[in-house]
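Right, one structure below, let's go through it.
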There are 2 protein chains.
Amino acid sequence: MINKLVEKIQKTGAPIVVGLDPMMKFVPEHIQKKAFSEYGETLEGAGEAIWQYNKELVDHIYDLIPAVKPQIAMYEQFGLPGLAAFKKTIDYCKEKDLVVIGDVKRGDIGSTSEAYAVGHLGKVQVGNNFYRGFDEDFATVNPYLGSDGVNPFLKVCKEEHKGVFILVKTSNPSSGELQDRVIADANRPLYEVVGEQVAGWAQELMGDTYSYVGAVVGATYPEMGKVLRKVMPKSYILVPGYGAQGGKGKDLVHFFNEDGLGAIVNSSRGIIAAYQQEKYAGFGSEGFGEAARAAVIDMKEDIAQALDAR
Amino acid sequence: MINKLVEKIQKTGAPIVVGLDPMMKFVPEHIQKKAFSEYGETLEGAGEAIWQYNKELVDHIYDLIPAVKPQIAMYEQFGLPGLAAFKKTIDYCKEKDLVVIGDVKRGDIGSTSEAYAVGHLGKVQVGNNFYRGFDEDFATVNPYLGSDGVNPFLKVCKEEHKGVFILVKTSNPSSGELQDRVIADANRPLYEVVGEQVAGWAQELMGDTYSYVGAVVGATYPEMGKVLRKVMPKSYILVPGYGAQGGKGKDLVHFFNEDGLGAIVNSSRGIIAAYQQEKYAGFGSEGFGEAARAAVIDMKEDIAQALDAR
């Protein structure tokens with residue numbers, strides 16, 4: 001899957017992943033109305049609304065981008081009908097040949113981590129049959145529990161040729177509370193220690209040019225990104241925090257390798273709710289898909305310019 | 001909910017939570033057979049099997065214990081039908097007046113963490129209506145992303161009078177890889193730094209005698225438990241790792257306060273798969289519920305003896 005991701009990034013020229021995080025306030029009223037008229041103002045209605053919203057978004061952008069990243073929390077909040085919409089979204093994106101990164105931030109230990117890995121990336125045995133629960137191509141993983149929590153994911157990744165992005169330095173303001181603390185015997189911050197772990201895991205699970213084991217490093221911390229880029233040379237870095245969270249094109253260059261590869265930048269509301277921005281307001285709420293397409297094109301240009309200028 | 005948990009612990013005399021982690025290899029064959037004959041060897045069949053297994057377990061132990069802790073990964077691995085069994089299990093346990101601790105180990109940032117909090121502990125708005133997605137009483141939370149990830153849970157807990165258990169020192173062998181590292185400017189290991197954060201959050205959200213904000217500390221690290229008990233005096237400590245993972249009754253005393261409260265010890269396979277142990281083999285696989293009941297009574301006795309002996 002990492003090979004496919006790299007190829008698609010090269011083909012589209014867009015190191016971009018669109019975060020499918022369908023908060024209700026982003027879903028245009030006409031879509032909500034239609035879903036509620038069929039299913040009522042129920043969890044099923046909410047699930048239908050976010051699914052229809054996602055589908056139209058994907059139809060407008062799938063040819064421009066290599067990957068999408070549905071954030072499972074935004075579906076899980078609507079209970080089972082929300083998770084049904086998550087699954088439908090994954091399946092549809094894969095039909096459109098997009099690489100699907102499940103932003104699930106799971107992490108547990110031993111057989112429990114294995115169950116998450118199986119549910120999201122692998123197949124589970126029932127009697128004599130095998131089934132795929134959610135079947136994303138990549139999953140994000142939380143490293144706080146140590147390698148007991150990560151290894152079961154790596155095992156499934158190896159079997160399935162799928163990958164993970166491990167949280168190293170997250171994009172949020174308080175990420176430093178733990179991640180930036182300097183570890184005494186290493187004389188380095190915690191995020192670097194985790195980055196070194198990632199580099200080790202990455203070596204064990206190489207694709208053609210990059211590893212199946214990637215990392216999450218926020219666009220909001222470009223200087224740390226620069227360091228981590230060197231610590232984890234073979235890992236793709238998934239970079240959230242562009243756009244709405246404050247990261248800009250010029251902040252992104254440090255996350256890329258000399259080959260122009262090695263990073264994929266996420267934007268969620270900046271794309272999927274572009275129609276709510278002044279810049280794209282002309283598309284109207286009925287034109288939210290076209291607005292998203294225009295925002296993808298602008299983002300691609302912003303990143304390309306920044307990379308050219310370095 | 002923390003008040004209810006404390007009351008129920010006092011009433012039952014059992015500071016015990018039973019982990020409902022239904023791995024297929026624990027589910028007796030006659031239950032699997034019946035479920036598969038109705039639904040086939042499908043994800044739905046697996047969901048039905050684990051639900052029937054849970055139901056019979058709960059029927060045999062609900063009067064002895066204050067709480068259960070379903071581990072969502074064990075359901076999530078079976079996709080949507082697995083999660084439907086998770087929801088059914090929660091609802092049934094609440095019908096039986098058990099406190100339900102959702103072992104979900106979620107953790108993200110801002111609106112995303114809020115979505116998890118809403119989905120598991122709160123209610124979500126759809127049009128003019130409000131719905132509860134999974135509706136546990138407590139959830140476990142991963143602290144790696146800092147207070148941005150925890151605060152949205154605390155907000156929902158405040159509104160709903162529900163609680164969280166924050167991962168501080170987990171029970172697994174590799175938990176020390178990050179959690180035990182000494183933080184230079186604090187001269188204390190990371191788990192203590194997190195413990196201090198928990199103590200701060202706990203003060204902001206007090207119940208009658210204990211806080212709505214608890215912590216997870218593994219039975220496998222009793223010396224660290226001793227320290228953390230003092231660092232977080234008002235937090236209930238959820239203690240995994242008893243039994244199958246190697247923790248013993250005498251290891252547990254450090255997790256309790258002088259008042260005999262402050263800790264709740266989890267056992268999963270030691271209870272739910274007791275019938276597979278030599279000690280309880282006499283019950284047979286048809287008697288797995290009775291075996292679980294006997295194992296709960298023995299565990300209660302083991303802990304009581306250890307507390308008496310201190």
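Residues are named by chain letter and number: chains run A, B, ... in the order of the structure tokens, numbers start at 1 in each chain, and ligands are numbered from 1 in the order shown.
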query: What residues in chain B have any atom no more than 7 Å from chain A when counting only C-alpha atoms, and can you write them as a ChimeraX atom specification?
result: /B:41-43,46,73-74,76-80,84,106,109,112,115-116,118-119,124,126-127,129,133-134,144-148,170,172,174-175,177-178,181-184
message: Excluding Lys162 of chain A and its own-chain neighbours fewer than 2 positions away, which residues fall within 7 Å of it when counting only C-alpha atoms? Please give them as a PyMOL selection string.
response: chain A and resi 1+121+137-138+157-158+160+212
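Here atom CA of Leu5 of chain B and atom CA of Ala67 of chain B stand 7.5 Å from one another.
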task: Show which residues sit within 9 Å of Val58 of chain B, as a ChimeraX atom specification. Count only C-alpha atoms, and ignore same-chain residues fewer than 5 positions away.
output: /B:53,63,68,92-93,96,289
Members of segment 28-167 of chain B assigned helix (DSSP H, G or I) by DSSP, as a ChimeraX atom specification: /B:29-39,43-61,73-76,79-95,110-120,147-160
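You will find atom CA of Glu223 of chain A at 16.1 Å from atom CA of Leu307 of chain A.
Computed from the coordinates, the atom CA of Val217 of chain B to atom CA of Ile272 of chain B distance equals 21.6 Å.
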